[in-house]
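S.K.: Got a structure for you, input_19.tsv, holding TSV, C-alpha atoms.
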```tsv
chain	number	residue	atom	x	y	z
A	67	MET	CA	-9.02	21.89	-11.67
A	68	ALA	CA	-5.39	21.37	-10.71
A	69	ASP	CA	-4.68	25.03	-11.39
A	70	ASP	CA	-7.64	26.13	-9.29
A	71	VAL	CA	-6.39	24.03	-6.42
A	72	ALA	CA	-2.87	25.44	-6.63
A	73	GLN	CA	-4.06	29.03	-6.40
A	74	SER	CA	-5.01	29.55	-2.76
A	75	ARG	CA	-2.41	29.34	-0.01
A	76	GLY	CA	-4.62	27.06	2.08
A	77	ALA	CA	-4.79	24.62	-0.80
A	78	ARG	CA	-1.01	24.69	-1.16
A	79	VAL	CA	-0.54	23.90	2.54
A	80	MET	CA	-3.06	21.05	2.25
A	81	ASN	CA	-1.29	19.76	-0.84
A	82	THR	CA	2.07	19.60	0.96
A	83	TYR	CA	0.38	17.78	3.84
A	84	LEU	CA	-1.22	15.28	1.46
A	85	VAL	CA	2.03	14.61	-0.40
A	86	PHE	CA	4.06	14.19	2.80
A	87	ILE	CA	1.55	11.88	4.49
A	88	ARG	CA	1.13	9.74	1.39
A	89	VAL	CA	4.84	9.42	0.56
A	90	MET	CA	5.93	8.37	4.08
A	91	PRO	CA	5.48	4.77	5.18
A	92	GLN	CA	2.77	4.49	7.84
A	93	LEU	CA	5.27	3.01	10.27
A	94	ALA	CA	7.46	6.11	9.87
A	95	LEU	CA	4.41	8.31	10.57
A	96	LEU	CA	3.72	6.30	13.73
A	97	PHE	CA	7.31	6.86	14.88
A	98	ILE	CA	7.10	10.58	14.14
A	99	ALA	CA	3.88	10.89	16.13
A	100	PHE	CA	4.99	8.69	19.02
A	101	TYR	CA	8.59	9.85	19.51
A	102	GLY	CA	8.72	13.18	17.63
A	103	PHE	CA	5.59	14.89	18.95
A	104	ALA	CA	6.42	13.95	22.53
A	105	ARG	CA	9.73	15.76	22.26
A	106	ALA	CA	8.61	18.67	20.11
A	107	TRP	CA	5.49	19.77	22.01
A	108	ASN	CA	5.72	17.72	25.17
A	109	TRP	CA	2.57	15.82	24.21
A	110	ASN	CA	2.32	12.84	26.49
A	111	LEU	CA	0.59	10.62	23.94
A	112	ASP	CA	0.40	6.96	24.88
A	113	ALA	CA	0.98	4.46	22.07
A	114	THR	CA	-2.75	4.01	21.46
A	115	GLY	CA	-3.26	7.76	21.23
A	116	ALA	CA	-0.38	8.12	18.79
A	117	CYS	CA	-1.86	5.34	16.63
A	118	VAL	CA	-5.33	6.91	16.62
A	119	LEU	CA	-3.80	10.29	15.71
A	120	VAL	CA	-1.80	8.81	12.83
A	121	PHE	CA	-4.71	6.80	11.47
A	122	VAL	CA	-6.90	9.92	11.57
A	123	LEU	CA	-4.28	12.02	9.77
A	124	TRP	CA	-3.26	9.34	7.26
A	125	GLY	CA	-6.77	8.01	6.64
A	126	GLY	CA	-7.96	11.60	6.28
A	127	ALA	CA	-5.31	12.33	3.66
A	128	GLU	CA	-6.14	9.19	1.68
A	129	LEU	CA	-9.88	9.79	1.95
A	130	GLY	CA	-9.36	13.44	0.96
A	131	ASP	CA	-7.69	12.29	-2.21
A	132	LEU	CA	-10.61	9.93	-2.96
A	133	VAL	CA	-13.11	12.75	-2.35
A	134	ARG	CA	-11.17	15.05	-4.67
A	135	GLY	CA	-11.12	12.34	-7.34
A	136	ALA	CA	-14.88	11.83	-7.00
A	137	LEU	CA	-15.64	15.56	-7.17
A	138	VAL	CA	-13.35	16.11	-10.18
A	139	SER	CA	-15.03	13.23	-12.01
A	140	ILE	CA	-18.39	15.06	-12.02
A	141	PRO	CA	-18.69	16.71	-15.48
A	142	ALA	CA	-18.83	20.51	-15.55
A	143	ILE	CA	-22.16	20.37	-17.38
A	144	GLN	CA	-23.81	19.15	-14.16
A	145	TYR	CA	-22.89	22.43	-12.46
A	146	GLU	CA	-23.87	24.50	-15.49
A	147	SER	CA	-27.24	22.79	-15.87
A	148	ALA	CA	-28.00	23.21	-12.18
A	149	TYR	CA	-27.17	26.95	-12.32
A	150	MET	CA	-29.27	27.26	-15.48
A	151	LEU	CA	-32.24	25.81	-13.61
A	152	GLY	CA	-31.79	28.53	-10.96
A	153	LEU	CA	-30.27	26.48	-8.12
A	154	THR	CA	-27.99	28.31	-5.69
A	155	PRO	CA	-24.37	27.07	-5.32
A	156	TRP	CA	-25.32	25.41	-2.02
A	157	GLN	CA	-28.31	23.66	-3.56
A	158	THR	CA	-26.21	22.62	-6.55
A	159	PHE	CA	-23.62	21.08	-4.26
A	160	THR	CA	-25.97	19.27	-1.88
A	161	ARG	CA	-28.69	18.18	-4.32
A	162	VAL	CA	-26.80	17.58	-7.58
A	163	ILE	CA	-23.07	17.10	-7.07
A	164	LEU	CA	-22.86	15.38	-3.70
A	165	PRO	CA	-25.29	12.50	-4.42
A	166	GLN	CA	-23.35	11.65	-7.59
A	167	ALA	CA	-19.93	12.06	-5.97
A	168	LEU	CA	-20.86	9.91	-2.92
A	169	ARG	CA	-21.82	7.07	-5.20
A	170	ARG	CA	-18.39	7.15	-6.87
A	171	LEU	CA	-16.68	7.62	-3.53
A	172	LEU	CA	-18.16	4.69	-1.62
A	173	PRO	CA	-16.35	1.69	-3.21
A	174	GLY	CA	-12.95	3.37	-2.79
A	175	SER	CA	-13.61	4.37	0.80
A	176	VAL	CA	-14.72	0.86	1.76
A	177	ASN	CA	-11.44	-0.36	0.25
A	178	LEU	CA	-9.58	2.27	2.26
A	179	SER	CA	-11.23	0.99	5.44
A	180	THR	CA	-9.76	-2.48	4.84
A	181	ARG	CA	-6.34	-0.86	4.37
A	182	ILE	CA	-6.74	0.99	7.67
A	183	VAL	CA	-7.77	-2.22	9.46
A	184	LYS	CA	-4.69	-3.95	8.05
A	185	THR	CA	-2.42	-1.06	8.99
A	186	THR	CA	-3.59	-1.14	12.62
A	187	SER	CA	-1.41	-4.26	12.92
A	188	LEU	CA	1.57	-1.88	13.06
A	189	ALA	CA	0.37	-0.62	16.46
A	190	VAL	CA	2.08	-3.60	18.09
A	191	LEU	CA	5.46	-2.12	17.09
A	192	LEU	CA	4.77	0.89	19.33
A	193	GLY	CA	3.81	-1.42	22.17
A	194	VAL	CA	0.01	-1.32	21.98
A	195	VAL	CA	-1.52	-4.47	23.44
A	196	GLU	CA	-3.64	-5.55	20.46
A	197	VAL	CA	-4.32	-8.90	18.87
A	198	ILE	CA	-0.70	-9.63	17.82
A	199	LYS	CA	0.67	-8.67	21.25
A	200	VAL	CA	-1.89	-10.89	22.97
A	201	GLY	CA	-0.86	-13.67	20.60
A	202	GLN	CA	2.80	-13.17	21.51
A	203	GLN	CA	1.91	-13.31	25.22
A	204	ILE	CA	0.08	-16.60	24.70
A	205	ILE	CA	3.08	-17.96	22.77
A	206	ASP	CA	5.51	-16.84	25.46
A	207	ALA	CA	3.40	-18.28	28.27
A	208	HIS	CA	3.43	-21.71	26.61
A	209	ARG	CA	6.92	-21.56	25.11
A	210	PHE	CA	8.02	-24.77	26.85
A	211	ASP	CA	4.87	-26.87	27.27
A	212	TYR	CA	3.61	-26.18	23.72
A	213	PRO	CA	6.40	-24.98	21.38
A	214	GLN	CA	4.23	-25.52	18.27
A	215	GLY	CA	2.10	-22.57	19.45
A	216	THR	CA	3.69	-19.93	17.21
A	217	LEU	CA	2.38	-21.60	14.07
A	218	TRP	CA	-1.21	-21.86	15.32
A	219	VAL	CA	-1.39	-18.51	17.09
A	220	TYR	CA	-0.04	-16.56	14.11
A	221	GLY	CA	-2.23	-18.69	11.84
A	222	VAL	CA	-5.31	-17.71	13.85
A	223	ILE	CA	-4.34	-14.00	13.83
A	224	PHE	CA	-3.86	-14.27	10.06
A	225	LEU	CA	-7.37	-15.74	9.80
A	226	MET	CA	-8.86	-13.07	12.11
A	227	TYR	CA	-7.61	-10.23	9.91
A	228	PHE	CA	-8.91	-12.07	6.86
A	229	ILE	CA	-12.36	-12.53	8.43
A	230	VAL	CA	-12.59	-8.80	9.18
A	231	CYS	CA	-11.23	-7.53	5.84
A	232	TRP	CA	-12.67	-9.99	3.35
A	233	PRO	CA	-16.36	-9.02	3.71
A	234	LEU	CA	-15.35	-5.36	3.35
A	235	SER	CA	-13.44	-6.17	0.14
A	236	LEU	CA	-16.42	-8.11	-1.21
A	237	ALA	CA	-18.75	-5.23	-0.34
A	238	ALA	CA	-16.46	-2.75	-2.10
A	239	ARG	CA	-16.41	-4.91	-5.22
A	240	ALA	CA	-20.18	-5.40	-5.18
A	241	LEU	CA	-20.73	-1.64	-4.85
A	242	GLU	CA	-18.30	-1.00	-7.69
A	243	ARG	CA	-20.11	-3.44	-9.97
A	244	ARG	CA	-23.56	-2.15	-9.02
A	245	TRP	CA	-22.75	1.53	-9.36
A	246	ALA	CA	-20.48	1.34	-12.39
A	247	ASP	CA	-21.59	4.04	-14.77
B	213	MET	CA	17.72	22.57	16.64
B	214	LEU	CA	19.33	19.63	14.86
B	215	ASP	CA	22.71	18.32	16.01
B	216	TRP	CA	24.57	18.21	12.71
B	217	HIS	CA	27.62	16.48	14.19
B	218	PHE	CA	25.42	13.64	15.32
B	219	ILE	CA	23.84	13.44	11.87
B	220	ALA	CA	27.23	13.42	10.13
B	221	HIS	CA	28.42	10.69	12.46
B	222	TYR	CA	25.43	8.38	12.12
B	223	ALA	CA	24.42	9.08	8.52
B	224	PRO	CA	26.49	6.07	7.28
B	225	PHE	CA	24.21	3.79	9.33
B	226	PHE	CA	21.24	5.16	7.43
B	227	VAL	CA	23.06	4.56	4.15
B	228	LEU	CA	23.48	0.92	5.21
B	229	GLY	CA	19.84	0.80	6.25
B	230	ALA	CA	18.75	2.35	2.97
B	231	ARG	CA	20.79	-0.29	1.16
B	232	MET	CA	18.90	-3.02	3.02
B	233	THR	CA	15.56	-1.32	2.23
B	234	VAL	CA	16.50	-1.06	-1.46
B	235	ILE	CA	17.74	-4.69	-1.69
B	236	ILE	CA	14.60	-6.09	-0.04
B	237	SER	CA	12.33	-3.82	-2.10
B	238	VAL	CA	13.98	-4.54	-5.46
B	239	ALA	CA	13.96	-8.30	-4.90
B	240	GLY	CA	10.42	-8.24	-3.49
B	241	VAL	CA	9.03	-6.01	-6.25
B	242	ALA	CA	10.71	-8.07	-9.00
B	243	LEU	CA	9.29	-11.32	-7.59
B	244	ALA	CA	5.89	-9.67	-7.06
B	245	MET	CA	5.83	-8.61	-10.71
B	246	ILE	CA	6.62	-12.15	-11.87
B	247	VAL	CA	3.95	-13.61	-9.56
B	248	GLY	CA	1.51	-10.91	-10.65
B	249	LEU	CA	2.11	-11.50	-14.34
B	250	LEU	CA	1.71	-15.26	-13.93
B	251	CYS	CA	-1.53	-14.80	-11.97
B	252	ALA	CA	-2.90	-12.26	-14.44
B	253	THR	CA	-2.06	-14.58	-17.35
B	254	VAL	CA	-3.78	-17.50	-15.64
B	255	LEU	CA	-6.89	-15.38	-15.01
B	256	GLU	CA	-6.83	-13.96	-18.54
B	257	ALA	CA	-6.35	-17.37	-20.22
B	258	ARG	CA	-9.04	-18.90	-17.93
B	259	VAL	CA	-6.90	-21.93	-17.03
B	260	PRO	CA	-9.26	-24.31	-15.21
B	261	PHE	CA	-8.58	-25.15	-11.55
B	262	VAL	CA	-5.38	-23.05	-11.37
B	263	ARG	CA	-7.64	-20.04	-11.80
B	264	GLY	CA	-9.48	-20.96	-8.59
B	265	VAL	CA	-6.20	-21.30	-6.70
B	266	VAL	CA	-5.09	-17.88	-7.98
B	267	ARG	CA	-8.39	-16.32	-6.90
B	268	VAL	CA	-8.05	-17.71	-3.37
B	269	TYR	CA	-4.43	-16.53	-3.20
B	270	ILE	CA	-5.40	-12.99	-4.27
B	271	GLU	CA	-8.15	-12.75	-1.65
B	272	VAL	CA	-5.95	-14.10	1.16
B	273	SER	CA	-3.00	-11.92	0.27
B	274	ARG	CA	-5.01	-8.71	-0.15
B	275	ASN	CA	-6.98	-9.06	3.06
B	276	THR	CA	-4.20	-9.72	5.56
B	277	PRO	CA	-1.51	-7.31	6.81
B	278	LEU	CA	2.13	-7.75	5.79
B	279	LEU	CA	3.25	-7.76	9.43
B	280	VAL	CA	1.12	-10.82	10.22
B	281	GLN	CA	2.31	-12.53	7.02
B	282	LEU	CA	5.92	-11.89	8.04
B	283	TYR	CA	5.42	-13.15	11.61
B	284	PHE	CA	3.76	-16.26	10.21
B	285	LEU	CA	6.65	-16.86	7.78
B	286	TYR	CA	9.39	-16.04	10.28
B	287	PHE	CA	8.06	-17.53	13.53
B	288	GLY	CA	5.30	-19.90	12.41
B	289	LEU	CA	6.71	-21.81	9.44
B	290	PRO	CA	9.88	-23.07	11.21
B	291	LYS	CA	7.52	-25.29	13.26
B	292	LEU	CA	6.63	-27.01	9.98
B	293	GLY	CA	10.30	-27.40	9.09
B	294	PHE	CA	10.71	-24.35	6.82
B	295	VAL	CA	13.50	-22.35	8.44
B	296	TRP	CA	14.20	-19.23	6.38
B	297	SER	CA	16.51	-16.33	7.08
B	298	ALA	CA	14.98	-12.93	7.86
B	299	GLU	CA	16.00	-11.64	4.42
B	300	THR	CA	14.27	-14.55	2.64
B	301	CYS	CA	11.15	-14.11	4.77
B	302	ALA	CA	11.03	-10.38	4.00
B	303	ILE	CA	11.42	-10.91	0.25
B	304	VAL	CA	8.93	-13.80	0.15
B	305	GLY	CA	6.50	-11.78	2.28
B	306	LEU	CA	6.71	-8.73	0.00
B	307	ALA	CA	6.32	-10.95	-3.08
B	308	PHE	CA	3.32	-12.71	-1.49
B	309	LEU	CA	1.64	-9.40	-0.66
B	310	GLY	CA	2.67	-7.60	-3.85
B	311	GLY	CA	1.85	-10.47	-6.22
B	312	SER	CA	-1.89	-10.03	-5.73
B	313	TYR	CA	-1.79	-6.24	-6.09
B	314	MET	CA	0.29	-6.59	-9.28
B	315	ALA	CA	-2.06	-9.28	-10.59
B	316	GLU	CA	-5.09	-7.01	-10.10
B	317	SER	CA	-3.42	-4.08	-11.93
B	318	MET	CA	-2.18	-6.26	-14.77
B	319	ARG	CA	-5.54	-7.98	-15.17
B	320	ALA	CA	-7.16	-4.57	-15.46
B	321	GLY	CA	-4.64	-3.89	-18.25
B	322	PHE	CA	-5.56	-7.10	-20.10
B	323	ASP	CA	-9.27	-6.43	-19.66
B	324	ALA	CA	-8.85	-3.03	-21.31
B	325	VAL	CA	-7.54	-4.55	-24.57
B	326	PRO	CA	-10.55	-5.04	-26.87
B	327	ALA	CA	-11.34	-8.68	-27.79
B	328	VAL	CA	-11.14	-7.78	-31.47
B	329	GLN	CA	-7.36	-7.35	-31.13
B	330	LYS	CA	-6.97	-11.00	-30.18
B	331	GLU	CA	-9.30	-12.16	-32.95
B	332	ASN	CA	-7.45	-10.11	-35.56
B	333	ALA	CA	-4.10	-11.50	-34.43
B	334	TYR	CA	-5.40	-15.06	-34.84
B	335	VAL	CA	-6.85	-14.23	-38.24
B	336	LEU	CA	-3.45	-12.88	-39.31
B	337	GLY	CA	-1.97	-16.28	-38.42
B	338	LEU	CA	-0.13	-15.38	-35.20
B	339	SER	CA	0.31	-18.19	-32.71
B	340	ARG	CA	-1.18	-17.95	-29.20
B	341	TRP	CA	2.21	-17.02	-27.75
B	342	GLN	CA	2.88	-14.40	-30.45
B	343	THR	CA	-0.57	-12.93	-29.90
B	344	PHE	CA	0.10	-12.70	-26.19
B	345	ALA	CA	3.66	-11.34	-26.41
B	346	ARG	CA	3.36	-9.03	-29.43
B	347	VAL	CA	-0.25	-7.87	-29.37
B	348	MET	CA	-1.81	-8.20	-25.91
B	349	LEU	CA	1.15	-7.48	-23.62
B	350	PRO	CA	2.33	-4.16	-25.17
B	351	GLN	CA	-1.20	-2.74	-25.16
B	352	ALA	CA	-1.99	-4.03	-21.68
B	353	ALA	CA	1.29	-2.59	-20.34
B	354	GLY	CA	0.21	0.97	-21.12
B	355	THR	CA	-3.08	0.70	-19.25
B	356	ALA	CA	-1.58	-1.28	-16.37
B	357	MET	CA	1.45	0.98	-15.87
B	358	PRO	CA	-0.06	3.62	-13.50
B	359	GLY	CA	-1.40	0.86	-11.23
B	360	VAL	CA	1.90	-1.05	-11.31
B	361	VAL	CA	3.89	2.09	-10.45
B	362	ALA	CA	1.53	2.84	-7.55
B	363	ASN	CA	2.04	-0.75	-6.35
B	364	VAL	CA	5.84	-0.42	-6.52
B	365	ILE	CA	5.73	2.68	-4.31
B	366	PHE	CA	3.25	0.96	-1.98
B	367	LEU	CA	5.57	-2.06	-1.65
B	368	ILE	CA	8.66	0.06	-0.91
B	369	LYS	CA	6.65	1.79	1.82
B	370	GLU	CA	5.41	-1.53	3.17
B	371	SER	CA	9.01	-2.79	3.32
B	372	SER	CA	9.46	-0.59	6.42
B	373	VAL	CA	7.65	-3.36	8.31
B	374	VAL	CA	10.57	-5.81	7.87
B	375	SER	CA	12.34	-4.03	10.75
B	376	ALA	CA	9.94	-6.04	12.94
B	377	ILE	CA	11.77	-9.28	12.10
B	378	ALA	CA	15.12	-7.70	12.98
B	379	LEU	CA	16.28	-6.68	9.51
B	380	ALA	CA	18.45	-3.57	9.73
B	381	ASP	CA	16.62	-1.26	7.31
B	382	VAL	CA	16.21	2.52	7.74
B	383	MET	CA	13.28	2.10	10.12
B	384	TYR	CA	15.36	-0.18	12.34
B	385	MET	CA	18.25	2.32	12.40
B	386	ALA	CA	15.94	5.14	13.44
B	387	LYS	CA	14.42	3.07	16.23
B	388	ASP	CA	17.86	1.99	17.42
B	389	LEU	CA	19.28	5.51	17.54
B	390	ILE	CA	16.22	6.87	19.35
B	391	GLY	CA	16.51	4.05	21.86
B	392	MET	CA	20.25	4.44	22.43
B	393	TYR	CA	20.83	8.20	22.39
B	394	TYR	CA	17.35	9.82	22.71
B	395	SER	CA	18.30	11.63	19.50
B	396	THR	CA	14.67	11.83	18.40
B	397	TYR	CA	14.87	14.83	16.04
B	398	GLU	CA	18.05	13.76	14.29
B	399	SER	CA	16.92	10.14	13.80
B	400	LEU	CA	13.47	11.07	12.54
B	401	PHE	CA	15.01	13.70	10.26
B	402	MET	CA	17.38	11.13	8.73
B	403	LEU	CA	14.52	8.64	8.47
B	404	ILE	CA	12.37	11.12	6.52
B	405	VAL	CA	15.30	12.12	4.28
B	406	ALA	CA	16.16	8.46	3.61
B	407	TYR	CA	12.60	7.62	2.51
B	408	LEU	CA	12.36	10.76	0.38
B	409	VAL	CA	15.68	9.91	-1.30
B	410	ILE	CA	14.44	6.39	-2.04
B	411	LEU	CA	10.85	7.17	-3.02
B	412	LEU	CA	11.03	10.44	-4.97
B	413	PRO	CA	13.20	9.06	-7.83
B	414	VAL	CA	10.91	6.01	-8.05
B	415	SER	CA	7.90	8.29	-8.26
B	416	LEU	CA	9.53	10.45	-10.98
B	417	LEU	CA	10.70	7.39	-12.92
B	418	GLY	CA	7.15	6.01	-12.65
B	419	THR	CA	5.64	9.15	-14.16
B	420	TRP	CA	8.12	8.90	-17.04
B	421	MET	CA	7.36	5.18	-17.54
B	422	GLU	CA	3.63	5.88	-17.62
B	423	LYS	CA	4.18	8.25	-20.55
B	424	ARG	CA	6.73	5.98	-22.24
B	425	PHE	CA	4.48	2.90	-22.24
B	426	ASP	CA	1.25	4.68	-23.06
B	427	TYR	CA	1.07	3.13	-26.55
B	428	ALA	CA	-2.68	3.56	-26.69
B	429	ARG	CA	-2.48	7.34	-26.63
B	430	ARG	CA	0.88	7.94	-28.33
```
Can the structure from this file be put into structure tokens for me?

M.R.:
Amino acid sequence: MADDVAQSRGARVMNTYLVFIRVMPQLALLFIAFYGFARAWNWNLDATGACVLVFVLWGGAELGDLVRGALVSIPAIQYESAYMLGLTPWQTFTRVILPQALRRLLPGSVNLSTRIVKTTSLAVLLGVVEVIKVGQQIIDAHRFDYPQGTLWVYGVIFLMYFIVCWPLSLAARALERRWAD
Amino acid sequence: MLDWHFIAHYAPFFVLGARMTVIISVAGVALAMIVGLLCATVLEARVPFVRGVVRVYIEVSRNTPLLVQLYFLYFGLPKLGFVWSAETCAIVGLAFLGGSYMAESMRAGFDAVPAVQKENAYVLGLSRWQTFARVMLPQAAGTAMPGVVANVIFLIKESSVVSAIALADVMYMAKDLIGMYYSTYESLFMLIVAYLVILLPVSLLGTWMEKRFDYARR
């Protein structure tokens, strides 16, 4: 499979893209998109736009890797049997391979979604007004009349991320256990 | 396109930044491995009560972002009387985040060792500690290694976030130079090179380690 992938030029370009995106820290990708693209192509991306772009590109690369893993894990005999029974390549893919691959893909992609939710916290470093920024504004507004605020505000933000991500993690684990084959 | 004089002049700053990234990462990863091994051992040995605490820790640590953990450690905890330097916060934060990821990988390694191995070791008269250190650990290490290596790379990447609590790592240098001189291309170029220089050897070493410790298949 690895050899097949390396053969076409398109695949090689995609491979370089995957390796680059996955080896760079997400914060570095955000900086490249926010500062680099603006200068290189005169794209006037605002911070939110740059974040959305990076999460699409990075999440896409990670998800692509999961999809590849799921497709590779389908044994060759599934294809062969389907062809034997007279199914066309399209029918084989949509009726035989895809249903099995999706099942193996789902736990990993739910896990990936929690990672993306967690990574969105980096948006504050580009100046997006999201939950951490709002927290900082609350802290700054009450710096003198309630100096203990930092502890509670950051504690609440901590809890908010946990409340969003925990059910997703539980769902991923439940799916994994249910569909383990 | 790139101003090489600028790069030659400011490259030493990136070397300093890379040093900070490496120091924080090495300390954080080492602590994370210790925490992970302790947690995995507690889960494996089914220690009552402590096991519940470890479970809660793993869920909390895995489901919150490092940035929020760092802000909580750096800005929140001083209100309770724990005043830590930025370096300590960064290392503790990385260890807190990485400990759970390491624990999960290592537990998967322990789970993969068949129960009969433990029983045989006891039958041969090995003590509990000998069984753990000589029989379970070497076999678990092989299975756990790919996950542990992936976690190490993940933690080095995550360490870029420590620039948010004013630690001068490579990320911080890049942001500073862009802000001061508008030298976007040069700074981003040096940033990419710095991370490649740090991460590629780790990735290669990891591949070698995976083969070296693969006792099950050797």

S.K.: What separation in Å, quoted to one decimal, exists between CA of Leu389 in chain B and CA of Arg88 in chain A?

M.R.: 24.7 Å

S.K.: Do you know which residues are at most 8 Å from Leu278 in chain B counting only C-alpha atoms, after dropping those on the same chain fewer than 6 positions away, and could you put them as a PDB file with C-alpha atoms, keeping the file's coordinate frame?

M.R.:
```
ATOM      1  CA  GLY B 305       6.500 -11.780   2.280  1.00  0.00           C
ATOM      2  CA  LEU B 306       6.710  -8.730   0.000  1.00  0.00           C
ATOM      3  CA  LEU B 309       1.640  -9.400  -0.660  1.00  0.00           C
ATOM      4  CA  GLU B 370       5.410  -1.530   3.170  1.00  0.00           C
ATOM      5  CA  VAL B 373       7.650  -3.360   8.310  1.00  0.00           C
TER       6      VAL B 373
END
```

S.K.: Taking all atoms listed in the file into account, what are the residues of chain A at most 7 Å from chain B, put as a list in words?

M.R.: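 Selected residues: Met90, Pro91, Leu93, Ile98, Tyr101, Gly102, Lys184, Thr185, Ser187, Gln214, Thr216, Leu217, Tyr220, Gly221, Phe224, Tyr227, Phe228, Cys231 and Trp232 of chain A.
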
S.K.: Which polymer residues have any atom within 12 Å of an atom of Ala257 in chain B, counting all atoms listed in the file, with same-chain residues fewer than 3 positions away left out, as an NGL selection string?

M.R.: :B and (249-254 or 260-263 or 319 or 322-323 or 330 or 340-341 or 344 or 348)

S.K.: At a cut-off of 6 Å, using all atoms listed in the file, what residues contact range 229-232 of chain B? Leave out same-chain residues fewer than 3 positions from it and give the result as a ChimeraX atom specification.

M.R.: /B:226,235,380-382

S.K.: Nearest to Arg134 in chain A among A:Lys199, A:His208, A:Arg161, A:Arg170, with distances taken over all atoms listed in the file: which residue is it?

M.R.: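 For Arg134 in chain A, the nearest of the candidates is A:Arg170.
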
S.K.: Would you compute the distance between CA of Leu416 in chain B and CA of Val89 in chain A? Give it in Å to one decimal.

M.R.: 12.5 Å

S.K.: Show me as number ranges by chain the residues that reach within 12 Å of (0.6, -17.6, 24.7), counting only C-alpha atoms and using the file's own coordinates.

M.R.: A: 197-220

S.K.: Mind pulling up the distance from CA of Val122 in chain A to CA of Met80 in chain A?

M.R.: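 Interatomic distance here is 15.0 Å.
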
S.K.: Smallest atom-to-atom distance to Ser297 in chain B: which of B:Val409, B:Ala356, B:Leu379, B:Ala220, using all atoms listed in the file?

M.R.: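 Checking each candidate against Ser297 in chain B, we get B:Leu379 as the closest.
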